[in-house]
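Have a look at upload-v6.cif; it's mmCIF, C-alpha atoms and all ligand atoms:
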```cif
data_upload
loop_
_atom_site.label_atom_id
_atom_site.label_comp_id
_atom_site.auth_asym_id
_atom_site.auth_seq_id
_atom_site.Cartn_x
_atom_site.Cartn_y
_atom_site.Cartn_z
CA MET N 1 111.93 124.94 96.82
CA ASP N 2 113.50 122.59 99.33
CA ARG N 3 114.31 119.91 96.77
CA GLU N 4 117.30 120.08 94.48
CA LEU N 5 116.03 120.71 90.94
CA THR N 6 116.44 117.49 88.99
CA LEU N 7 115.77 116.37 85.42
CA MET N 8 115.41 112.67 84.59
CA ALA N 9 115.38 111.41 80.99
CA VAL N 10 114.27 107.81 80.40
CA HIS N 11 115.65 106.26 77.21
CA ALA N 12 115.71 102.80 75.64
CA HIS N 13 119.17 102.39 74.11
CA PRO N 14 122.67 103.83 74.25
CA ASP N 15 122.56 106.71 71.66
CA ASP N 16 118.87 107.63 72.14
CA GLU N 17 119.83 110.31 74.65
CA VAL N 18 121.41 112.64 72.11
CA ILE N 19 119.07 113.76 69.34
CA GLY N 20 115.89 114.62 71.26
CA THR N 21 117.26 115.39 74.73
CA GLY N 22 121.05 115.91 74.50
CA GLY N 23 120.58 119.66 74.42
CA ILE N 24 118.32 119.89 77.48
CA LEU N 25 120.62 117.54 79.42
CA ALA N 26 123.64 119.73 78.59
CA LYS N 27 121.78 123.00 79.13
CA TYR N 28 120.21 122.13 82.47
CA THR N 29 123.46 120.64 83.75
CA ALA N 30 125.16 123.94 82.85
CA GLN N 31 122.47 125.76 84.87
CA GLY N 32 123.31 123.70 87.94
CA ILE N 33 120.26 121.47 87.70
CA ARG N 34 120.99 117.83 88.51
CA THR N 35 120.60 115.60 85.44
CA VAL N 36 119.94 111.87 85.43
CA LEU N 37 119.92 109.67 82.33
CA VAL N 38 118.25 106.27 82.67
CA THR N 39 119.13 103.90 79.80
CA CYS N 40 116.98 100.78 79.91
CA THR N 41 118.86 98.36 77.62
CA ASN N 42 122.45 97.50 76.75
CA GLY N 43 121.93 97.89 72.99
CA GLU N 44 122.86 94.27 72.16
CA GLN N 45 120.88 94.45 68.91
CA GLY N 46 123.01 97.22 67.47
CA ASP N 47 125.65 96.82 64.79
CA GLY N 48 128.85 94.93 65.56
CA PRO N 49 132.35 95.82 64.35
CA GLY N 50 132.40 96.34 60.59
CA GLY N 51 128.64 96.94 60.54
CA VAL N 52 127.70 93.30 61.27
CA LYS N 53 123.93 93.25 61.85
CA PRO N 54 122.28 91.26 64.64
CA GLY N 55 121.52 87.71 63.53
CA GLU N 56 124.38 87.74 61.02
CA PRO N 57 127.41 85.50 61.53
CA GLY N 58 129.99 87.18 63.75
CA HIS N 59 127.51 89.34 65.66
CA ASP N 60 128.54 89.00 69.32
CA ASP N 61 125.79 90.41 71.58
CA ALA N 62 128.03 90.73 74.63
CA ALA N 63 130.80 92.53 72.74
CA VAL N 64 128.30 94.89 71.09
CA ALA N 65 126.78 95.73 74.49
CA GLU N 66 130.18 96.37 76.04
CA ARG N 67 131.21 98.67 73.19
CA ARG N 68 127.93 100.57 73.22
CA LEU N 69 127.99 101.11 76.98
CA ALA N 70 131.50 102.52 76.65
CA GLU N 71 130.25 104.84 73.89
CA LEU N 72 127.34 105.84 76.11
CA ARG N 73 129.73 106.87 78.90
CA GLU N 74 131.66 109.00 76.44
CA SER N 75 128.42 110.61 75.21
CA VAL N 76 127.36 111.29 78.81
CA ALA N 77 130.70 113.04 79.39
CA HIS N 78 130.22 115.28 76.31
CA LEU N 79 126.77 116.27 77.53
CA GLY N 80 127.93 116.76 81.13
CA ILE N 81 125.17 114.54 82.53
CA ASP N 82 125.56 114.10 86.30
CA HIS N 83 124.25 110.55 86.76
CA LEU N 84 123.96 107.63 84.35
CA GLU N 85 121.73 104.79 85.54
CA LEU N 86 121.63 101.53 83.56
CA LEU N 87 118.70 99.17 83.96
CA GLY N 88 120.69 96.54 82.01
CA TYR N 89 117.83 94.92 80.11
CA ARG N 90 118.40 93.09 76.85
CA ASP N 91 117.76 95.08 73.67
CA SER N 92 114.64 93.68 71.92
CA GLY N 93 115.68 94.84 68.43
CA MET N 94 113.49 96.66 65.93
CA ASP N 95 109.86 95.65 65.53
CA GLY N 96 109.72 92.28 63.71
CA TRP N 97 113.32 91.21 64.44
CA ASP N 98 114.11 87.76 65.89
CA GLY N 99 115.31 89.42 69.10
CA ASN N 100 111.69 90.40 69.88
CA GLY N 101 111.06 86.83 71.02
CA HIS N 102 113.96 86.58 73.48
CA PRO N 103 112.50 85.97 76.96
CA ASP N 104 114.92 88.49 78.52
CA ALA N 105 114.19 91.18 75.94
CA PHE N 106 113.20 94.46 77.60
CA ALA N 107 109.88 94.54 75.73
CA ASN N 108 108.96 91.17 77.30
CA VAL N 109 109.72 92.18 80.90
CA PRO N 110 106.46 92.78 82.83
CA VAL N 111 105.85 96.54 82.99
CA GLU N 112 105.38 96.36 86.74
CA THR N 113 108.79 94.76 87.28
CA ALA N 114 110.77 97.28 85.24
CA ALA N 115 108.62 100.18 86.46
CA GLY N 116 109.41 99.15 90.04
CA ARG N 117 113.13 99.54 89.36
CA LEU N 118 112.60 102.91 87.72
CA ALA N 119 110.35 103.98 90.60
CA ALA N 120 113.23 103.24 92.99
CA LEU N 121 115.42 105.62 90.96
CA MET N 122 112.69 108.27 91.07
CA GLU N 123 112.56 107.83 94.85
CA ARG N 124 116.33 108.29 95.04
CA TYR N 125 116.67 111.34 92.77
CA ARG N 126 113.19 112.86 93.18
CA PRO N 127 113.06 114.48 89.70
CA GLN N 128 110.59 117.32 89.31
CA VAL N 129 110.82 116.89 85.53
CA VAL N 130 110.73 113.54 83.69
CA VAL N 131 111.07 113.14 79.92
CA THR N 132 110.46 110.00 77.83
CA TYR N 133 108.86 108.92 74.51
CA ASP N 134 105.22 109.07 73.50
CA GLU N 135 102.96 105.97 73.58
CA ASN N 136 104.23 104.92 70.14
CA GLY N 137 107.83 105.20 71.30
CA ASN N 138 108.03 108.05 68.76
CA TYR N 139 108.53 105.56 65.93
CA GLY N 140 107.25 102.16 67.02
CA HIS N 141 110.39 100.51 68.41
CA PRO N 142 109.22 97.96 71.02
CA ASP N 143 111.86 99.10 73.56
CA HIS N 144 110.87 102.74 73.17
CA ILE N 145 107.24 101.81 73.76
CA GLN N 146 108.28 99.82 76.82
CA ALA N 147 110.38 102.74 78.12
CA HIS N 148 107.30 104.95 77.75
CA ARG N 149 105.16 102.44 79.64
CA ILE N 150 107.53 102.03 82.56
CA ALA N 151 108.16 105.76 82.87
CA VAL N 152 104.43 106.50 82.98
CA ALA N 153 103.87 103.68 85.49
CA ALA N 154 106.78 104.75 87.73
CA ALA N 155 105.59 108.37 87.71
CA GLU N 156 102.07 107.26 88.69
CA LYS N 157 103.32 104.87 91.34
CA THR N 158 105.64 107.37 93.03
CA GLY N 159 103.72 110.59 92.35
CA ILE N 160 107.11 112.31 92.30
CA PRO N 161 107.43 114.18 88.96
CA ASP N 162 105.68 117.57 88.89
CA LYS N 163 106.00 117.83 85.13
CA PHE N 164 106.01 114.97 82.65
CA TYR N 165 106.97 115.21 78.98
CA TYR N 166 107.15 113.27 75.74
CA THR N 167 109.85 114.06 73.23
CA ALA N 168 108.47 115.28 69.90
CA VAL N 169 109.62 115.76 66.34
CA PRO N 170 107.77 118.72 64.81
CA ARG N 171 106.18 117.72 61.50
CA GLU N 172 106.49 121.14 59.87
CA GLY N 173 110.12 121.58 60.94
CA ILE N 174 111.08 118.19 59.54
CA ARG N 175 109.31 118.96 56.27
CA GLN N 176 111.21 122.25 55.97
CA MET N 177 114.53 120.57 56.76
CA PHE N 178 113.84 117.86 54.20
CA GLU N 179 112.96 120.46 51.55
CA PHE N 180 116.13 122.38 52.37
CA MET N 181 118.16 119.20 51.98
CA ARG N 182 116.42 118.29 48.73
CA ALA N 183 116.96 121.78 47.32
CA ASN N 184 120.65 121.43 48.14
CA GLY N 185 120.99 117.94 46.74
CA MET N 186 121.44 116.33 50.17
CA ALA N 187 118.32 114.18 50.26
CA PRO N 188 118.13 110.74 48.66
CA ASP N 189 116.04 110.93 45.44
CA ASP N 190 114.08 107.78 46.16
CA PHE N 191 112.84 108.87 49.59
CA GLU N 192 109.58 110.68 50.28
CA LEU N 193 108.71 111.92 53.75
CA PRO N 194 105.43 110.28 54.85
CA ASP N 195 102.67 112.87 55.44
CA ASP N 196 102.08 111.66 58.98
CA PHE N 197 105.75 111.74 60.00
CA GLY N 198 106.47 113.40 63.35
CA THR N 199 104.18 115.29 65.71
CA PRO N 200 101.55 117.78 64.51
CA ASP N 201 103.04 121.13 65.50
CA GLU N 202 99.91 122.26 67.38
CA LEU N 203 100.44 119.46 69.95
CA ILE N 204 103.90 120.71 70.93
CA THR N 205 103.82 122.65 74.21
CA SER N 206 107.49 123.20 74.92
CA VAL N 207 110.35 124.30 72.70
CA VAL N 208 113.77 124.69 74.30
CA ASP N 209 116.56 126.63 72.61
CA VAL N 210 119.69 124.52 72.98
CA SER N 211 121.74 126.24 70.26
CA PRO N 212 124.78 126.83 72.55
CA TYR N 213 124.99 123.04 73.01
CA VAL N 214 124.88 121.87 69.39
CA GLU N 215 128.61 121.03 69.47
CA ASN N 216 128.12 118.95 72.64
CA LYS N 217 125.34 117.04 70.89
CA LEU N 218 127.44 116.46 67.80
CA LYS N 219 130.35 115.15 69.88
CA ALA N 220 127.99 112.95 71.89
CA LEU N 221 126.47 111.57 68.70
CA ALA N 222 129.90 110.94 67.20
CA ALA N 223 130.82 109.01 70.36
CA HIS N 224 128.29 106.38 69.23
CA ALA N 225 130.56 105.59 66.30
CA SER N 226 129.77 101.87 66.17
CA GLN N 227 126.18 102.75 65.20
CA GLY N 228 127.24 105.42 62.69
CA GLU N 229 125.59 103.64 59.78
CA ASN N 230 122.22 104.04 61.53
CA ILE N 231 122.71 107.72 62.38
CA PRO N 232 122.10 109.75 59.20
CA PHE N 233 122.50 113.03 61.18
CA LEU N 234 126.25 112.36 61.30
CA ARG N 235 126.43 112.57 57.51
CA MET N 236 124.42 115.78 57.17
CA PRO N 237 126.24 119.01 56.30
CA PRO N 238 126.95 121.30 59.27
CA GLU N 239 124.19 123.84 58.39
CA ALA N 240 121.58 121.10 58.39
CA GLN N 241 122.96 119.64 61.65
CA HIS N 242 122.72 123.04 63.33
CA GLN N 243 119.20 123.55 62.03
CA ALA N 244 118.15 120.14 63.28
CA PHE N 245 119.91 120.26 66.67
CA SER N 246 119.42 123.79 67.97
CA ARG N 247 115.94 123.27 69.39
CA GLU N 248 114.31 120.40 71.26
CA TYR N 249 110.56 119.84 71.28
CA PHE N 250 108.24 118.30 73.83
CA ILE N 251 104.64 117.57 74.64
CA ARG N 252 103.84 118.28 78.27
CA THR N 253 101.31 115.73 79.46
CA THR N 254 101.21 116.63 83.15
CA SER N 255 101.99 119.70 85.21
CA ARG N 256 101.19 120.16 88.87
CA VAL N 257 102.69 123.64 88.86
CA ALA N 258 101.49 126.78 87.11
CA ALA N 259 103.27 127.01 83.76
CA PRO N 260 102.33 128.69 80.49
CA ASP N 261 100.53 126.61 77.82
CA HIS N 262 103.53 127.26 75.61
CA GLU N 263 106.84 127.41 77.42
CA ASP N 264 110.51 127.58 76.52
CA ASP N 265 111.76 126.02 79.77
CA LEU N 266 110.85 122.60 81.17
CA PHE N 267 111.44 124.00 84.67
CA ALA N 268 108.97 126.89 84.19
CA GLY N 269 106.95 127.13 87.40
CA LEU N 270 109.55 125.20 89.41
CA ARG N 271 112.31 127.76 89.87
ZN ZN S 301 116.50 103.41 70.64
#
```
Final structure tokens representation of the file:
Amino acid sequence: MDRELTLMAVHAHPDDEVIGTGGILAKYTAQGIRTVLVTCTNGEQGDGPGGVKPGEPGHDDAAVAERRLAELRESVAHLGIDHLELLGYRDSGMDGWDGNGHPDAFANVPVETAAGRLAALMERYRPQVVVTYDENGNYGHPDHIQAHRIAVAAAEKTGIPDKFYYTAVPREGIRQMFEFMRANGMAPDDFELPDDFGTPDELITSVVDVSPYVENKLKALAAHASQGENIPFLRMPPEAQHQAFSREYFIRTTSRVAAPDHEDDLFAGLR
């Protein structure tokens, strides 16, 4: 291999890096692999001080963005990520929010324009492995869907990544965790897990053990304190946090190198 091994994760908002990919970012950095986090928006549509929601009086987009980018830098430090790249687009807000209509919202930027900027980063870092969301943005957030679209387009345009992945939440694992929480009185009584929640387990190709990095993930998540109200993981008991955070799951959509159908290393075939 004459290229430095490099992992690039493409995420929508400050805080998205932790739950599904914080462990691989920490683990591969520790192995000497170069890690690059691309965060597409500034998170303007997050909560303001005191939990003020976007659109409510006192919600200051610029102040929220500044705070969240500072939290992101702290999270990046806890995970040891080598390079943080900010595309600086405006957060579109959750599906159906007023922010969706803002002309500068990330979801309204032409895919080609944003993909061109991401392609330039792929040219600079030349990642063999790229990770982003699935075509539904994992849960339908317009910025996650847009991040997926630009990552796919940039990968196609540059032809650089050898392996391309979507993050996944295993349906069976989530069901077991929820049952564990319910049995221990930790789940809200009025909440039922939808049957179609998460990814069918048979679609998952890659499961990475990141158990030595659970503490890094927890610290990184805690760094996003201003969004704490939206991060139920922070309020889970430690056993449940460890169960939830010790493995990360992916669907491999492309591989140009020989790698097993089921692998425990995103760099399998590249080392
Ligand atoms: Zn997000």
(request) Go through the chains and note each residue within 6 Å of ligand ZN 301 (chain S), using all atoms listed in the file, then give the set as number ranges by chain. (result) N: 12-13, 16
(request) Step by step: start from the point (124.7, 105.6, 73.9) in the file's coordinates, keep every protein, DNA or RNA residue that has an atom no farther than 12 Å from it, count all atoms listed in the file, and write the set as a ChimeraX atom specification. (result) /N:11-19,22,37-44,46,64-79,84,86,217,219-228,231
Need the shell around His141 in chain N: protein/DNA/RNA residues with any atom at most 10 Å away, counting all atoms listed in the file. Skip same-chain ones fewer than 4 positions apart. Format as a PDB file with C-alpha atoms, in the frame of the given file?
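What landed in selection04.pdb:
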```pdb
ATOM      1  CA  ALA N  12     115.710 102.800  75.640  1.00  0.00           C
ATOM      2  CA  SER N  92     114.640  93.680  71.920  1.00  0.00           C
ATOM      3  CA  GLY N  93     115.680  94.840  68.430  1.00  0.00           C
ATOM      4  CA  MET N  94     113.490  96.660  65.930  1.00  0.00           C
ATOM      5  CA  ASP N  95     109.860  95.650  65.530  1.00  0.00           C
ATOM      6  CA  GLY N  96     109.720  92.280  63.710  1.00  0.00           C
ATOM      7  CA  ALA N 107     109.880  94.540  75.730  1.00  0.00           C
ATOM      8  CA  ASN N 136     104.230 104.920  70.140  1.00  0.00           C
ATOM      9  CA  GLY N 137     107.830 105.200  71.300  1.00  0.00           C
ATOM     10  CA  ILE N 145     107.240 101.810  73.760  1.00  0.00           C
ATOM     11  CA  GLN N 146     108.280  99.820  76.820  1.00  0.00           C
ATOM     12  CA  ALA N 147     110.380 102.740  78.120  1.00  0.00           C
TER      13      ALA N 147
END
```
(message) Considering only C-alpha atoms, can you say which of N:Tyr28, N:Tyr249, N:Phe191, N:Phe197 comes closest to Tyr139 in chain N?
(response)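 Of all the options, N:Phe197 lies closest to Tyr139 in chain N.
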(message) Please determine, counting all atoms listed in the file, which residue among N:Val129, N:Ala30, N:Ala153, N:Leu121 has the shortest atom-to-atom distance to Val257 in chain N.
(response)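 With all atoms listed in the file as the atom set, the closest residue is N:Val129.
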